[in-house]
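Student: Structure file structure.cif (mmCIF, C-alpha atoms and all ligand atoms) is given on the next line.
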```cif
data_input
loop_
_atom_site.label_atom_id
_atom_site.label_comp_id
_atom_site.auth_asym_id
_atom_site.auth_seq_id
_atom_site.Cartn_x
_atom_site.Cartn_y
_atom_site.Cartn_z
CA MET A 2 0.00 0.00 0.00
CA SER A 3 1.51 3.36 -0.88
CA ILE A 4 -0.97 5.82 0.52
CA PRO A 5 1.07 8.63 2.14
CA PHE A 6 1.25 8.29 5.90
CA LYS A 7 -0.26 11.74 6.47
CA GLN A 8 -3.18 10.97 4.17
CA ALA A 9 -3.76 7.56 5.78
CA VAL A 10 -3.81 9.14 9.27
CA ARG A 11 -6.14 11.96 8.19
CA VAL A 12 -8.57 9.62 6.42
CA GLY A 13 -8.41 7.13 9.32
CA ALA A 14 -9.20 9.86 11.86
CA TYR A 15 -12.01 11.19 9.66
CA VAL A 16 -13.57 7.72 9.33
CA MET A 17 -13.25 7.07 13.08
CA LYS A 18 -14.92 10.43 13.82
CA HIS A 19 -17.91 9.47 11.67
CA ARG A 20 -18.03 6.02 13.22
CA LEU A 21 -18.16 7.58 16.70
CA LEU A 22 -20.85 10.02 15.55
CA ARG A 23 -22.69 7.04 14.02
CA THR A 24 -23.04 8.88 10.70
CA LYS A 25 -24.89 6.48 8.46
CA ARG A 26 -23.38 7.65 5.15
CA PHE A 27 -20.37 9.90 4.66
CA PRO A 28 -18.02 10.62 1.74
CA MET A 29 -14.33 9.67 1.67
CA VAL A 30 -13.34 10.65 -1.88
CA LEU A 31 -15.08 13.36 -3.90
CA MET A 32 -15.06 12.41 -7.58
CA LEU A 33 -14.93 15.77 -9.31
CA GLU A 34 -15.50 15.94 -13.06
CA PRO A 35 -15.03 19.59 -14.03
CA LEU A 36 -15.52 18.80 -17.75
CA PHE A 37 -16.18 15.81 -20.03
CA ARG A 38 -14.12 16.97 -23.02
CA CYS A 39 -10.87 15.12 -23.67
CA ASN A 40 -7.93 15.34 -26.04
CA LEU A 41 -8.16 11.57 -26.65
CA ALA A 42 -10.99 9.28 -27.83
CA CYS A 43 -10.59 5.90 -26.09
CA ALA A 44 -13.00 3.19 -27.25
CA GLY A 45 -14.08 2.27 -23.69
CA CYS A 46 -14.81 5.83 -22.56
CA GLY A 47 -18.32 6.68 -21.38
CA LYS A 48 -17.60 10.39 -20.90
CA ILE A 49 -16.71 11.76 -24.33
CA GLN A 50 -19.92 10.56 -26.00
CA TYR A 51 -21.91 13.60 -24.91
CA PRO A 52 -23.08 16.16 -27.53
CA GLU A 53 -20.98 19.25 -28.21
CA HIS A 54 -22.97 21.60 -25.99
CA ILE A 55 -22.36 19.31 -22.97
CA LEU A 56 -18.68 18.84 -23.85
CA ASN A 57 -18.40 22.65 -23.84
CA LYS A 58 -19.68 22.89 -20.24
CA ARG A 59 -17.21 23.26 -17.37
CA LEU A 60 -17.39 23.61 -13.61
CA SER A 61 -15.91 26.88 -12.36
CA PRO A 62 -13.23 26.87 -9.64
CA GLU A 63 -15.84 28.23 -7.18
CA GLU A 64 -18.23 25.35 -7.98
CA CYS A 65 -15.39 22.84 -7.42
CA TRP A 66 -14.38 24.36 -4.08
CA GLU A 67 -18.01 24.60 -2.96
CA ALA A 68 -18.52 20.89 -3.75
CA ALA A 69 -15.41 19.95 -1.74
CA GLU A 70 -16.46 22.10 1.21
CA GLU A 71 -20.06 20.96 1.18
CA CYS A 72 -19.35 17.22 1.16
CA GLY A 73 -16.27 17.42 3.41
CA ALA A 74 -14.43 14.41 1.92
CA PRO A 75 -10.71 14.52 2.78
CA VAL A 76 -9.66 13.31 -0.70
CA VAL A 77 -10.65 14.83 -4.07
CA SER A 78 -10.09 12.91 -7.30
CA ILE A 79 -10.29 15.21 -10.31
CA ALA A 80 -11.25 13.21 -13.39
CA GLY A 81 -13.12 14.03 -16.57
CA GLY A 82 -12.62 14.20 -19.52
CA GLU A 83 -9.09 15.48 -19.34
CA PRO A 84 -8.79 17.92 -16.42
CA LEU A 85 -5.53 19.45 -17.72
CA ILE A 86 -7.37 20.99 -20.70
CA HIS A 87 -9.72 22.85 -18.31
CA PRO A 88 -8.50 26.49 -18.61
CA GLU A 89 -8.83 27.06 -14.84
CA ILE A 90 -7.39 23.77 -13.61
CA LYS A 91 -4.54 25.48 -11.77
CA GLN A 92 -6.96 27.65 -9.75
CA ILE A 93 -9.14 24.61 -9.03
CA VAL A 94 -6.17 22.58 -7.72
CA ASP A 95 -4.66 25.50 -5.78
CA GLY A 96 -7.97 26.21 -4.06
CA LEU A 97 -8.42 22.55 -3.06
CA VAL A 98 -4.84 22.32 -1.77
CA GLN A 99 -5.39 25.51 0.26
CA ARG A 100 -8.37 23.74 1.82
CA LYS A 101 -5.98 20.86 2.71
CA LYS A 102 -7.72 18.32 0.48
CA PHE A 103 -5.59 15.46 -0.84
CA VAL A 104 -5.98 16.07 -4.58
CA TYR A 105 -5.46 13.35 -7.22
CA LEU A 106 -5.40 14.96 -10.66
CA CYS A 107 -6.22 12.10 -13.07
CA THR A 108 -4.73 12.68 -16.51
CA ASN A 109 -3.85 10.80 -19.68
CA ALA A 110 -0.55 12.77 -19.35
CA VAL A 111 -0.40 13.93 -22.97
CA PRO A 112 -0.66 17.63 -21.95
CA LEU A 113 1.22 17.15 -18.65
CA LYS A 114 4.82 17.98 -19.59
CA LYS A 115 3.83 21.39 -20.98
CA LYS A 116 1.62 22.10 -17.96
CA LEU A 117 4.12 21.25 -15.21
CA ASP A 118 5.32 24.86 -14.86
CA GLU A 119 1.83 25.87 -13.70
CA PHE A 120 1.89 23.64 -10.62
CA GLN A 121 4.00 23.43 -7.48
CA PRO A 122 4.83 20.12 -5.79
CA SER A 123 2.76 19.67 -2.63
CA PRO A 124 2.17 16.78 -0.25
CA TYR A 125 -1.51 17.43 -0.95
CA MET A 126 -1.27 17.05 -4.75
CA THR A 127 -0.65 13.95 -6.86
CA PHE A 128 -0.71 13.47 -10.62
CA SER A 129 -2.51 10.17 -11.28
CA ILE A 130 -1.51 8.98 -14.75
CA HIS A 131 -3.76 6.72 -16.81
CA ILE A 132 -1.71 3.70 -18.00
CA ASP A 133 -3.55 0.59 -19.22
CA GLY A 134 -0.61 -1.50 -20.45
CA LEU A 135 2.87 -1.41 -21.90
CA ARG A 136 3.48 0.60 -25.11
CA GLU A 137 1.56 -1.45 -27.67
CA ARG A 138 -1.40 -2.32 -25.45
CA HIS A 139 -1.77 1.15 -23.93
CA ASP A 140 -1.72 2.85 -27.34
CA GLU A 141 -4.30 0.32 -28.53
CA VAL A 142 -6.62 1.08 -25.57
CA VAL A 143 -6.38 4.85 -26.03
CA CYS A 144 -6.69 4.44 -29.81
CA GLU A 145 -3.64 6.58 -30.57
CA GLU A 146 0.01 5.75 -31.20
CA GLY A 147 2.69 7.45 -29.14
CA VAL A 148 0.56 8.14 -26.04
CA PHE A 149 2.42 5.61 -23.87
CA ASP A 150 5.80 7.20 -24.64
CA LYS A 151 4.41 10.68 -23.89
CA ALA A 152 2.99 9.44 -20.58
CA VAL A 153 6.31 7.87 -19.55
CA GLU A 154 8.16 11.06 -20.51
CA ALA A 155 5.70 13.12 -18.47
CA ILE A 156 6.06 10.80 -15.44
CA ARG A 157 9.86 11.18 -15.57
CA ALA A 158 9.59 14.97 -15.93
CA ALA A 159 7.10 15.29 -13.06
CA LYS A 160 9.16 13.06 -10.77
CA ALA A 161 12.33 15.01 -11.62
CA ARG A 162 10.59 18.20 -10.44
CA GLY A 163 9.53 16.68 -7.16
CA PHE A 164 5.87 15.99 -7.86
CA ARG A 165 4.13 12.99 -6.37
CA VAL A 166 3.05 10.72 -9.24
CA THR A 167 0.82 7.64 -9.17
CA THR A 168 -0.70 5.62 -12.01
CA ASN A 169 -4.20 4.25 -12.56
CA THR A 170 -4.93 1.16 -14.63
CA THR A 171 -8.29 -0.16 -15.81
CA VAL A 172 -8.38 -3.90 -16.49
CA PHE A 173 -10.61 -5.17 -19.28
CA ASP A 174 -11.69 -8.68 -20.33
CA GLY A 175 -9.01 -10.57 -22.25
CA GLU A 176 -6.05 -8.80 -20.68
CA ASP A 177 -2.90 -10.89 -20.42
CA PRO A 178 -2.02 -11.08 -16.69
CA SER A 179 1.70 -11.51 -17.45
CA GLU A 180 1.70 -8.31 -19.54
CA LEU A 181 0.07 -6.39 -16.69
CA ARG A 182 2.60 -7.80 -14.25
CA LYS A 183 5.42 -6.62 -16.54
CA MET A 184 3.73 -3.22 -16.67
CA PHE A 185 3.68 -2.96 -12.84
CA ASP A 186 7.38 -3.93 -12.74
CA PHE A 187 8.07 -1.22 -15.33
CA LEU A 188 6.07 1.43 -13.44
CA GLN A 189 7.74 0.50 -10.18
CA ASP A 190 11.15 0.91 -11.88
CA LEU A 191 9.99 4.39 -12.96
CA ASP A 192 9.76 5.08 -9.22
CA VAL A 193 6.10 6.08 -9.25
CA ASP A 194 4.69 6.78 -5.80
CA GLY A 195 1.93 4.23 -6.04
CA MET A 196 -0.28 2.38 -8.51
CA MET A 197 -4.04 2.03 -8.70
CA ILE A 198 -5.94 -0.76 -10.39
CA SER A 199 -9.62 -1.33 -11.04
CA PRO A 200 -11.79 -3.47 -13.31
CA GLY A 201 -13.58 -1.61 -16.10
CA TYR A 202 -17.31 -0.95 -15.95
CA SER A 203 -19.65 -1.38 -18.90
CA TYR A 204 -21.08 2.11 -19.36
CA ASP A 205 -24.26 2.29 -21.45
CA LYS A 206 -22.62 5.09 -23.38
CA ALA A 207 -19.34 3.31 -24.14
CA PRO A 208 -19.22 2.27 -27.80
CA ASP A 209 -17.08 -0.84 -27.11
CA GLN A 210 -19.35 -3.05 -24.94
CA ASP A 211 -17.60 -6.37 -25.55
CA HIS A 212 -14.59 -6.11 -23.26
CA PHE A 213 -15.91 -5.52 -19.75
CA LEU A 214 -15.39 -8.12 -17.04
CA LYS A 215 -18.00 -10.29 -15.31
CA ARG A 216 -17.59 -10.75 -11.55
CA GLU A 217 -16.02 -14.23 -11.47
CA GLN A 218 -13.74 -13.34 -14.39
CA THR A 219 -12.66 -10.25 -12.46
CA LYS A 220 -11.65 -12.24 -9.39
CA SER A 221 -9.80 -14.88 -11.41
CA LEU A 222 -7.90 -12.30 -13.46
CA PHE A 223 -6.95 -10.25 -10.40
CA ARG A 224 -5.76 -13.37 -8.56
CA GLN A 225 -3.35 -14.00 -11.44
CA ILE A 226 -2.22 -10.38 -11.67
CA LEU A 227 -1.77 -9.81 -7.94
CA LYS A 228 -0.46 -13.23 -6.83
CA ASP A 229 2.70 -11.76 -5.22
CA ARG A 230 1.52 -8.18 -4.94
CA GLN A 231 3.72 -7.33 -1.91
CA LYS A 232 6.56 -6.44 -4.30
CA TRP A 233 4.56 -3.51 -5.73
CA SER A 234 3.35 -0.26 -4.14
CA PHE A 235 -0.39 0.01 -4.62
CA ASN A 236 -2.32 3.11 -3.68
CA HIS A 237 -5.11 0.96 -2.23
CA SER A 238 -5.88 -0.60 1.11
CA PRO A 239 -4.87 -4.30 1.33
CA GLN A 240 -8.55 -5.00 1.99
CA PHE A 241 -9.57 -3.59 -1.43
CA LEU A 242 -6.97 -5.76 -3.18
CA ASP A 243 -8.27 -8.79 -1.23
CA PHE A 244 -11.74 -7.91 -2.50
CA LEU A 245 -10.55 -7.80 -6.13
CA GLU A 246 -8.99 -11.23 -5.67
CA GLY A 247 -12.23 -12.63 -4.24
CA LYS A 248 -10.76 -13.13 -0.73
CA LYS A 249 -13.26 -10.73 0.81
CA GLU A 250 -16.86 -9.86 -0.02
CA TYR A 251 -18.23 -6.36 0.47
CA GLU A 252 -21.44 -4.54 -0.28
CA CYS A 253 -21.12 -1.42 -2.39
CA THR A 254 -20.99 1.91 -0.54
CA PRO A 255 -21.46 4.38 -3.43
CA TRP A 256 -22.00 7.32 -1.05
CA GLY A 257 -18.32 6.92 -0.04
CA ASN A 258 -17.21 8.30 -3.44
CA PRO A 259 -19.86 10.84 -4.50
CA THR A 260 -19.60 12.41 -7.95
CA ARG A 261 -20.04 16.10 -8.77
CA ASN A 262 -19.98 17.03 -12.45
CA VAL A 263 -21.46 19.60 -14.85
CA PHE A 264 -24.97 18.15 -14.32
CA GLY A 265 -24.89 18.28 -10.49
CA TRP A 266 -24.41 15.49 -7.91
CA GLN A 267 -24.79 12.21 -9.79
CA LYS A 268 -27.08 9.49 -8.37
CA PRO A 269 -25.98 7.04 -7.10
CA CYS A 270 -22.33 6.78 -8.19
CA TYR A 271 -19.62 7.70 -10.69
CA LEU A 272 -20.84 4.94 -13.05
CA LEU A 273 -24.64 5.10 -13.12
CA GLN A 274 -26.77 8.11 -13.97
CA ASP A 275 -30.12 7.78 -12.23
CA GLY A 276 -30.65 11.50 -11.96
CA TYR A 277 -28.87 14.41 -10.31
CA ALA A 278 -29.19 16.28 -7.04
CA ASP A 279 -28.59 20.02 -6.65
CA SER A 280 -26.60 19.61 -3.45
CA PHE A 281 -24.63 16.93 -1.60
CA SER A 282 -27.19 16.82 1.23
CA GLU A 283 -29.96 16.28 -1.33
CA LEU A 284 -27.89 13.45 -2.89
CA ILE A 285 -27.54 11.73 0.50
CA ASP A 286 -31.13 12.31 1.60
CA ASP A 287 -33.03 11.68 -1.65
CA THR A 288 -31.16 8.76 -3.23
CA ASP A 289 -32.75 5.35 -2.78
CA TRP A 290 -29.45 3.73 -1.72
CA ASP A 291 -31.11 0.34 -1.12
CA ALA A 292 -31.75 0.11 -4.87
CA TYR A 293 -28.02 -0.32 -5.54
CA GLY A 294 -25.31 -2.86 -4.81
CA ARG A 295 -25.36 -6.63 -5.24
CA LYS A 296 -27.99 -7.43 -2.61
CA SER A 297 -30.47 -5.06 -4.23
CA GLY A 298 -30.67 -7.33 -7.28
CA ASN A 299 -30.11 -4.29 -9.52
CA PRO A 300 -28.77 -5.84 -12.75
CA LYS A 301 -26.47 -2.86 -13.32
CA CYS A 302 -24.64 -3.65 -10.06
CA GLN A 303 -24.22 -7.43 -10.28
CA ASP A 304 -20.84 -7.51 -12.03
CA CYS A 305 -19.47 -4.24 -10.69
CA MET A 306 -16.31 -4.39 -8.52
CA VAL A 307 -15.12 -0.91 -9.33
CA HIS A 308 -13.10 1.15 -6.83
CA CYS A 309 -15.67 3.98 -6.65
CA GLY A 310 -18.19 1.53 -5.19
CA TYR A 311 -15.95 -0.67 -3.06
CA GLU A 312 -12.82 1.22 -1.97
CA ALA A 313 -14.87 2.98 0.71
CA SER A 314 -16.30 -0.40 1.79
CA ALA A 315 -12.72 -1.65 2.16
CA VAL A 316 -11.74 1.44 4.20
CA LEU A 317 -14.70 0.81 6.52
CA ASP A 318 -13.46 -2.77 6.95
CA ALA A 319 -9.88 -1.53 7.49
CA THR A 320 -11.11 0.61 10.40
CA SER A 321 -13.54 -1.97 11.78
CA GLY A 322 -11.33 -3.26 14.57
CA PRO A 323 -7.77 -3.69 15.88
CA ARG A 324 -6.91 -6.65 13.61
CA GLU A 325 -7.71 -4.94 10.31
CA MET A 326 -6.26 -1.61 11.53
CA LEU A 327 -2.99 -3.33 12.44
CA ARG A 328 -2.91 -5.03 9.05
CA SER A 329 -3.33 -1.67 7.28
CA ALA A 330 -0.67 -0.03 9.45
CA VAL A 331 1.81 -2.85 8.79
CA GLY A 332 1.06 -2.62 5.06
CA LEU A 333 1.68 1.13 5.15
CA LEU A 334 5.09 0.77 6.77
CA ARG A 335 6.21 -2.30 4.84
CA GLN A 336 5.48 -0.97 1.36
CA PRO A 337 8.45 -1.07 -1.04
CA GLY A 338 10.41 2.13 -0.62
CA ALA A 339 8.31 3.12 2.40
CA LYS A 340 9.52 6.14 4.31
CA LYS A 341 9.41 6.35 8.08
CA PRO A 342 6.38 8.29 9.24
CA SER A 343 8.56 11.22 10.29
CA ALA A 344 9.81 11.53 6.71
CA THR A 345 6.37 11.88 5.18
CA PRO A 346 5.24 15.31 3.97
CA VAL A 347 3.54 17.54 6.50
S1 LIG B 1 -8.29 9.56 -21.64
FE1 LIG B 1 -9.94 9.10 -20.17
S2 LIG B 1 -11.46 10.72 -20.48
FE2 LIG B 1 -10.08 10.77 -22.27
S3 LIG B 1 -11.11 9.51 -23.81
FE3 LIG B 1 -9.68 8.18 -22.69
S4 LIG B 1 -10.90 7.27 -21.01
FE4 LIG B 1 -12.06 9.04 -21.81
S1 LIG B 2 -22.32 -1.59 -7.53
FE1 LIG B 2 -21.15 -0.31 -8.99
S2 LIG B 2 -22.68 0.45 -10.42
FE2 LIG B 2 -23.81 -0.25 -8.59
S3 LIG B 2 -24.00 1.54 -7.28
FE3 LIG B 2 -22.15 0.46 -6.66
S4 LIG B 2 -20.49 1.49 -7.82
FE4 LIG B 2 -22.42 2.02 -8.81
#
```
Could you take the file, read its structure, and then write that structure out as structure tokens?
Ligand code: SF4
Ligand code: SF4

Tutor:
Amino acid sequence: MSIPFKQAVRVGAYVMKHRLLRTKRFPMVLMLEPLFRCNLACAGCGKIQYPEHILNKRLSPEECWEAAEECGAPVVSIAGGEPLIHPEIKQIVDGLVQRKKFVYLCTNAVPLKKKLDEFQPSPYMTFSIHIDGLRERHDEVVCEEGVFDKAVEAIRAAKARGFRVTTNTTVFDGEDPSELRKMFDFLQDLDVDGMMISPGYSYDKAPDQDHFLKREQTKSLFRQILKDRQKWSFNHSPQFLDFLEGKKEYECTPWGNPTRNVFGWQKPCYLLQDGYADSFSELIDDTDWDAYGRKSGNPKCQDCMVHCGYEASAVLDATSGPREMLRSAVGLLRQPGAKKPSATPV
């Protein structure tokens, strides 16, 4: 696990506070989508299919800060679309960092090298680079040659300037586990600060519907990919990786990762669009949460094992008692290249 010590402590304390207050539903990661437009056109993408007038819409910095303040989640993941082509992305990030949010700016990295001058390294800010395979496979997934090399160049440039850099990988049906394992070795050799991994989800809007994983396929594939995962630094709790491998079962907690985008607060999660709320409190109060997750029988949820539904469930498990808390703490300190707590950014 390669979650920074400071972030792990802050999130742990935040979760414990809500447990003591007996808050029924509370957010851990705000999924912020300030625009849907992107510079790439990946076949599996459910975001870039919107009509032009929607692709032209953007959240303002004030709307982004207001969303972060209203929901109170300690972590903000800025996705899209491609956030780096938002003309006010620097103001958005600066404002969130000033509010001491742990910001993950998710990018395909093509515009990153040219944009680095605009940002300052901060323990609160991480570039999370989309990498779905080694050169040939990644370029195939993003439907454009040369993107992998640009991403690697951008990772090296960002690391050289002192930025914290992680990667995020979506796993689709038919992936070769040995190729993904080579990719994690390669990324680890690049000295990234952590890696994220999640199965893909079959969006209604995605044009390529044939390559998304069913639940049992997901577990089998992840067991092969992660069989000796201790050698890699993942930016996940060990409990979430256990879940992907089928060693733990959780119910979805979509309210843990609420989504705010140009339409409002998306019900119930980052993946489904069953309407929008005007405010976070309306999202929490007016969503029929029992209609989602495996137990609900909702067909859209049966094969889903995606991080935005289950990472919060894993965090709740990780803070459920001394045994799981100790396991998380040991994982934090034993990660490859782990720094002593005193050396982590403050
Ligand atoms: S880089 Fe991300 S947002 Fe852009 S097209 Fe690909 S999947 Fe969609
Ligand atoms: S199971 Fe997946 S699709 Fe269903 S609510 Fe949870 S995150 Fe969304």

Student: If you count only C-alpha atoms, which residues fall within 9 Å of Ser123 (chain A), apart from same-chain ones fewer than 5 positions away, as a list in words?

Tutor: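 Returned residues: Val98, Gly163, Phe164, Arg165 and Pro346 of chain A.
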
Student: Please, what distance in Å, to one decimal, runs between CA of Leu317 (chain A) and atom S4 of ligand LIG 1 (chain B)?

Tutor: 28.5 Å

Student: Pick out the closest residue to ligand LIG 1 (chain B) from this set: A:Val76, A:Leu22, A:Leu284, A:Cys46. Count only C-alpha atoms and all ligand atoms.

Tutor: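 Nearest to ligand LIG 1 (chain B): A:Cys46.
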
Student: Tell me, in Å to one decimal, how far CA of Leu245 (chain A) is from CA of Lys220 (chain A).

Tutor: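 It comes out at 5.6 Å.
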
Student: Please identify the residues whose atoms come within 9 Å of ligand LIG 2 (chain B), using all atoms listed in the file, and report them as a short mmCIF file (atom, residue, chain, number, x, y, z; two decimals) with C-alpha atoms, keeping the file's coordinate frame.

Tutor:
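Full text of pocket-v6.cif as output:
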```
data_model
loop_
_atom_site.label_atom_id
_atom_site.label_comp_id
_atom_site.auth_asym_id
_atom_site.auth_seq_id
_atom_site.Cartn_x
_atom_site.Cartn_y
_atom_site.Cartn_z
CA TYR A 202 -17.31 -0.95 -15.95
CA GLU A 252 -21.44 -4.54 -0.28
CA CYS A 253 -21.12 -1.42 -2.39
CA THR A 254 -20.99 1.91 -0.54
CA PRO A 255 -21.46 4.38 -3.43
CA TRP A 256 -22.00 7.32 -1.05
CA ASN A 258 -17.21 8.30 -3.44
CA LYS A 268 -27.08 9.49 -8.37
CA PRO A 269 -25.98 7.04 -7.10
CA CYS A 270 -22.33 6.78 -8.19
CA TYR A 271 -19.62 7.70 -10.69
CA LEU A 272 -20.84 4.94 -13.05
CA LEU A 273 -24.64 5.10 -13.12
CA TRP A 290 -29.45 3.73 -1.72
CA ALA A 292 -31.75 0.11 -4.87
CA TYR A 293 -28.02 -0.32 -5.54
CA GLY A 294 -25.31 -2.86 -4.81
CA ARG A 295 -25.36 -6.63 -5.24
CA ASN A 299 -30.11 -4.29 -9.52
CA PRO A 300 -28.77 -5.84 -12.75
CA LYS A 301 -26.47 -2.86 -13.32
CA CYS A 302 -24.64 -3.65 -10.06
CA GLN A 303 -24.22 -7.43 -10.28
CA ASP A 304 -20.84 -7.51 -12.03
CA CYS A 305 -19.47 -4.24 -10.69
CA MET A 306 -16.31 -4.39 -8.52
CA VAL A 307 -15.12 -0.91 -9.33
CA HIS A 308 -13.10 1.15 -6.83
CA CYS A 309 -15.67 3.98 -6.65
CA GLY A 310 -18.19 1.53 -5.19
CA TYR A 311 -15.95 -0.67 -3.06
#
```

Student: I want to know what sits within 8 Å of region 170-187 of chain A, based on only C-alpha atoms, with residues of the same chain fewer than 2 positions away left out; could you give that as a list in words?

Tutor: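 Those residues are His131, Ile132, Asp133, Gly134, Leu135, Thr168, Gln189, Asp190, Leu191, Met196, Met197, Ile198, Ser199, Pro200, Gly201, His212, Phe213, Leu214, Gln218, Leu222, Gln225, Ile226, Leu227 and Trp233 of chain A.
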
Student: For the selection you just gave me, I'd like the residues written to a file as a compact mmCIF listing (two decimals), keeping the file's coordinate frame, keeping C-alpha atoms.

Tutor:
```txt
# COMPACT_ATOMS: atom_id res chain seq x y z
CA HIS A 131 -3.76 6.72 -16.81
CA ILE A 132 -1.71 3.70 -18.00
CA ASP A 133 -3.55 0.59 -19.22
CA GLY A 134 -0.61 -1.50 -20.45
CA LEU A 135 2.87 -1.41 -21.90
CA THR A 168 -0.70 5.62 -12.01
CA GLN A 189 7.74 0.50 -10.18
CA ASP A 190 11.15 0.91 -11.88
CA LEU A 191 9.99 4.39 -12.96
CA MET A 196 -0.28 2.38 -8.51
CA MET A 197 -4.04 2.03 -8.70
CA ILE A 198 -5.94 -0.76 -10.39
CA SER A 199 -9.62 -1.33 -11.04
CA PRO A 200 -11.79 -3.47 -13.31
CA GLY A 201 -13.58 -1.61 -16.10
CA HIS A 212 -14.59 -6.11 -23.26
CA PHE A 213 -15.91 -5.52 -19.75
CA LEU A 214 -15.39 -8.12 -17.04
CA GLN A 218 -13.74 -13.34 -14.39
CA LEU A 222 -7.90 -12.30 -13.46
CA GLN A 225 -3.35 -14.00 -11.44
CA ILE A 226 -2.22 -10.38 -11.67
CA LEU A 227 -1.77 -9.81 -7.94
CA TRP A 233 4.56 -3.51 -5.73
```

Student: Can you measure CA of Glu89 (chain A) to CA of Pro5 (chain A) for me? One decimal in Å is fine.

Tutor: 26.9 Å

Student: What would the list of residues within 7 Å of (5.0, 4.0, -27.4) (file frame) look like as a list in words, if only C-alpha atoms are what count?

Tutor: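 Here the neighbourhood of the point contains Arg136, Glu137, Asp140, Glu146, Gly147, Val148, Phe149 and Asp150 of chain A.
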
Student: So that I have them on file, write out the residues from the current selection with C-alpha atoms, as a PDB file, in the frame of the given file.

Tutor:
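Writing done, so here's again_36.pdb:
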```pdb
ATOM      1  CA  ARG A 136       3.480   0.600 -25.110  1.00  0.00           C
ATOM      2  CA  GLU A 137       1.560  -1.450 -27.670  1.00  0.00           C
ATOM      3  CA  ASP A 140      -1.720   2.850 -27.340  1.00  0.00           C
ATOM      4  CA  GLU A 146       0.010   5.750 -31.200  1.00  0.00           C
ATOM      5  CA  GLY A 147       2.690   7.450 -29.140  1.00  0.00           C
ATOM      6  CA  VAL A 148       0.560   8.140 -26.040  1.00  0.00           C
ATOM      7  CA  PHE A 149       2.420   5.610 -23.870  1.00  0.00           C
ATOM      8  CA  ASP A 150       5.800   7.200 -24.640  1.00  0.00           C
TER       9      ASP A 150
END
```

Student: Between A:Ala68, A:Gly81, A:Arg26, A:Ala44, which is the closest to Glu145 (chain A) once you count all atoms listed in the file?

Tutor: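 With all atoms listed in the file as the atom set, the closest residue is A:Ala44.
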
Student: Compute the set of protein, DNA and RNA residues whose minimum atom distance to ligand LIG 1 (chain B) is at most 12 Å, using only C-alpha atoms and all ligand atoms, and state it as an mmCIF file with C-alpha atoms, in the coordinates of the input.

Tutor:
```cif
data_model
loop_
_atom_site.group_PDB
_atom_site.id
_atom_site.type_symbol
_atom_site.label_atom_id
_atom_site.label_comp_id
_atom_site.auth_asym_id
_atom_site.auth_seq_id
_atom_site.Cartn_x
_atom_site.Cartn_y
_atom_site.Cartn_z
ATOM 1 C CA GLU A 34 -15.500 15.940 -13.060
ATOM 2 C CA PRO A 35 -15.030 19.590 -14.030
ATOM 3 C CA LEU A 36 -15.520 18.800 -17.750
ATOM 4 C CA PHE A 37 -16.180 15.810 -20.030
ATOM 5 C CA ARG A 38 -14.120 16.970 -23.020
ATOM 6 C CA CYS A 39 -10.870 15.120 -23.670
ATOM 7 C CA ASN A 40 -7.930 15.340 -26.040
ATOM 8 C CA LEU A 41 -8.160 11.570 -26.650
ATOM 9 C CA ALA A 42 -10.990 9.280 -27.830
ATOM 10 C CA CYS A 43 -10.590 5.900 -26.090
ATOM 11 C CA ALA A 44 -13.000 3.190 -27.250
ATOM 12 C CA GLY A 45 -14.080 2.270 -23.690
ATOM 13 C CA CYS A 46 -14.810 5.830 -22.560
ATOM 14 C CA GLY A 47 -18.320 6.680 -21.380
ATOM 15 C CA LYS A 48 -17.600 10.390 -20.900
ATOM 16 C CA ILE A 49 -16.710 11.760 -24.330
ATOM 17 C CA GLN A 50 -19.920 10.560 -26.000
ATOM 18 C CA TYR A 51 -21.910 13.600 -24.910
ATOM 19 C CA LEU A 56 -18.680 18.840 -23.850
ATOM 20 C CA ILE A 79 -10.290 15.210 -10.310
ATOM 21 C CA ALA A 80 -11.250 13.210 -13.390
ATOM 22 C CA GLY A 81 -13.120 14.030 -16.570
ATOM 23 C CA GLY A 82 -12.620 14.200 -19.520
ATOM 24 C CA GLU A 83 -9.090 15.480 -19.340
ATOM 25 C CA PRO A 84 -8.790 17.920 -16.420
ATOM 26 C CA LEU A 85 -5.530 19.450 -17.720
ATOM 27 C CA ILE A 86 -7.370 20.990 -20.700
ATOM 28 C CA CYS A 107 -6.220 12.100 -13.070
ATOM 29 C CA THR A 108 -4.730 12.680 -16.510
ATOM 30 C CA ASN A 109 -3.850 10.800 -19.680
ATOM 31 C CA ALA A 110 -0.550 12.770 -19.350
ATOM 32 C CA VAL A 111 -0.400 13.930 -22.970
ATOM 33 C CA PRO A 112 -0.660 17.630 -21.950
ATOM 34 C CA SER A 129 -2.510 10.170 -11.280
ATOM 35 C CA ILE A 130 -1.510 8.980 -14.750
ATOM 36 C CA HIS A 131 -3.760 6.720 -16.810
ATOM 37 C CA ILE A 132 -1.710 3.700 -18.000
ATOM 38 C CA ASP A 133 -3.550 0.590 -19.220
ATOM 39 C CA HIS A 139 -1.770 1.150 -23.930
ATOM 40 C CA ASP A 140 -1.720 2.850 -27.340
ATOM 41 C CA GLU A 141 -4.300 0.320 -28.530
ATOM 42 C CA VAL A 142 -6.620 1.080 -25.570
ATOM 43 C CA VAL A 143 -6.380 4.850 -26.030
ATOM 44 C CA CYS A 144 -6.690 4.440 -29.810
ATOM 45 C CA GLU A 145 -3.640 6.580 -30.570
ATOM 46 C CA VAL A 148 0.560 8.140 -26.040
ATOM 47 C CA PHE A 149 2.420 5.610 -23.870
ATOM 48 C CA ALA A 152 2.990 9.440 -20.580
ATOM 49 C CA ASN A 169 -4.200 4.250 -12.560
ATOM 50 C CA THR A 170 -4.930 1.160 -14.630
ATOM 51 C CA THR A 171 -8.290 -0.160 -15.810
ATOM 52 C CA GLY A 201 -13.580 -1.610 -16.100
ATOM 53 C CA TYR A 202 -17.310 -0.950 -15.950
ATOM 54 C CA TYR A 204 -21.080 2.110 -19.360
ATOM 55 C CA LYS A 206 -22.620 5.090 -23.380
ATOM 56 C CA ALA A 207 -19.340 3.310 -24.140
ATOM 57 C CA PRO A 208 -19.220 2.270 -27.800
ATOM 58 C CA ASP A 209 -17.080 -0.840 -27.110
#
```
